[in-house]
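All remarks here apply to the structure that follows.
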Amino acid sequence: MPVYEFNGRVPSIGEGSWIATSACIIGDVTVGKSCWIGPNAVIRGDFGRIVIGDETAVEDGAVLHTPSVVTIGTRVTIGHMAMVHGSVIGDNAVIGMNSTLGDNARVGCWSIVAEHSLVKKNQVVPDYKLYAGSPAVEKGDIDERYREIMILGKQMYVNLVDQYCTGLRRIDGP
């Protein structure tokens with residue numbers, strides 16, 4: 001498993017979580033239960049602490065780092081190639097592909113940061129809001145229809161954890 005102690009700080013990985021062999025988890029990191037950590041994801045707790053809630057998906061190539069603390073809630077989806085630096089993300093939020101969260105950015109529960117968006121240093125995305133752009137600005141509310149779609153997507157990753165734990169098998173060659 002690609003998990004490394006750093007200066008006496010040892011990552012903690014929750015029961016039932018799946019971590020790609022190309023991912024890298026270093027230092028003061030806590031990964032909750034039944035999380036999915038994708039290929040080439042980097043979760044670097046060398047300068048600060050990173051806490052990831054249960055049933056959260058950190059997709060391929062995402063980078064999580066901090067000079068202080070990163071706190072990620074339960075059932076969060078962090079999209080492919082996203083950058084999360086010193087930020088707080090509430091439960092059930094979605095951080096879109098290739099988005100960036102700057103130091104001390106806060107994304108509320110059930111909020112969406114759209115693809116390629118920039119949530120600047122100290123910026124706050126309130127609960128139940130859709131933000132997009134660079135810099136990110138409010139585009140609307142997350143209503144019941146959005147939440148139903150989000151729940152389906154999050155359950156797909158929870159199911160994928162089980163499938164990867166039992167059905168993924170490395171094969172080499174033709």
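Note on naming: chains are A, B, ... as they come in the structure tokens, residues start from 1 per chain, ligands start from 1 in the order shown.
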
DSSP-assigned strand (DSSP E) among segment 18-48 of chain A, expressed as a compact mmCIF listing (two decimals) with C-alpha atoms, in the first residue's frame:
# COMPACT_ATOMS: atom_id res chain seq x y z
CA TRP A 18 -9.49 1.19 -1.23
CA ILE A 19 -6.30 3.00 -2.23
CA CYS A 24 0.57 8.42 -2.34
CA ILE A 25 -0.45 9.06 1.27
CA ILE A 26 2.16 10.67 3.50
CA GLY A 27 2.30 11.65 7.17
CA ASP A 28 -0.48 13.12 9.28
CA VAL A 29 -3.44 11.81 7.28
CA THR A 30 -6.65 10.14 8.42
CA VAL A 31 -8.76 8.41 5.77
CA TRP A 36 -12.00 5.39 -2.58
CA ILE A 37 -8.57 6.94 -3.30
CA VAL A 42 -1.52 12.59 -3.63
CA ILE A 43 -2.54 13.20 -0.01
CA ARG A 44 0.43 14.87 1.65
CA GLY A 45 0.26 15.49 5.40
CA ASP A 46 3.89 16.48 5.82
CA PHE A 47 3.39 20.14 6.83
CA GLY A 48 -0.11 19.83 8.28

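Using only C-alpha atoms, the contacts of Val124 of chain A at a cut-off of 7 Å, with sequence neighbours closer than 3 positions omitted, comprise Ala105, Arg106 and Val107 of chain A.
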
Compile the contact shell of Ile89 of chain A as a PyMOL selection string: residues with an atom at most 8 Å away, counting only C-alpha atoms, same-chain residues fewer than 6 positions apart removed.
chain A and resi 71-73+76+106-109

So, with only C-alpha atoms as the atoms that count, which of A:Leu64, A:Ile142, A:Met97, A:Val69 lies closest to Glu115 of chain A?
A:Met97

So that I can see what lies close to Ala93 of chain A, please list as a CSV table (one decimal) with C-alpha atoms, in the first residue's frame the residues with an atom at most 12 Å from it, counting only C-alpha atoms and leaving out residues fewer than 5 positions away in the same chain.
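Once written, result39.csv looks like this:
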chain,number,residue,atom,x,y,z
A,53,GLY,CA,-14.5,11.6,6.3
A,56,THR,CA,-15.4,10.0,0.4
A,57,ALA,CA,-14.0,9.6,-3.1
A,72,ILE,CA,-13.1,16.9,4.3
A,73,GLY,CA,-16.5,15.7,5.3
A,74,THR,CA,-18.4,12.5,4.8
A,75,ARG,CA,-19.5,11.4,1.3
A,76,VAL,CA,-17.5,14.1,-0.5
A,77,THR,CA,-16.4,13.7,-4.1
A,78,ILE,CA,-13.2,15.4,-5.1
A,79,GLY,CA,-12.9,15.3,-8.9
A,88,VAL,CA,-12.5,22.7,4.6
A,106,ARG,CA,-14.5,26.7,2.8
A,107,VAL,CA,-17.0,24.8,0.8
A,108,GLY,CA,-20.3,24.1,2.5
A,109,CYS,CA,-22.4,20.9,2.9
A,110,TRP,CA,-24.2,19.8,-0.3
A,111,SER,CA,-22.4,22.4,-2.4
A,112,ILE,CA,-20.9,22.0,-5.8
A,113,VAL,CA,-17.7,23.7,-7.1
A,114,ALA,CA,-18.0,23.2,-10.9
A,125,VAL,CA,-19.0,28.7,-0.6
A,126,PRO,CA,-22.2,28.5,1.5
A,127,ASP,CA,-24.2,25.3,2.1
A,128,TYR,CA,-26.4,24.2,-0.8
A,129,LYS,CA,-24.9,26.4,-3.4
A,130,LEU,CA,-23.4,25.9,-6.9
A,131,TYR,CA,-20.3,28.0,-7.6
A,142,ILE,CA,-28.7,23.0,-4.8
A,146,TYR,CA,-29.5,18.2,-7.5
A,147,ARG,CA,-29.3,16.3,-4.2
A,150,MET,CA,-25.6,13.7,-6.1
A,151,ILE,CA,-26.7,10.9,-3.8
A,153,GLY,CA,-23.2,9.5,-7.8
A,154,LYS,CA,-21.9,9.1,-4.2

How many Å separate atom CA of Pro135 of chain A from atom CA of Asp60 of chain A?
23.4 Å

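Separating atom CA of Ser99 of chain A from atom CA of Arg49 of chain A is a distance of 20.9 Å.
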
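Closest to Ala20 of chain A among A:Gly32, A:Pro2, A:Gly8, A:Gly90 is A:Pro2, based on only C-alpha atoms.
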
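From atom CA of His65 of chain A back to atom CA of Val10 of chain A, the distance works out to 15.5 Å.
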
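Distance check against Leu118 of chain A using only C-alpha atoms: of A:Asn7, A:Ser134, A:Gln163, A:Ser34, the minimum falls on A:Ser134.
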
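Closest approach to Cys35 of chain A from the set A:Asp172, A:Glu148, A:Thr21, A:Glu59 is made by A:Glu59, with distances taken over only C-alpha atoms.
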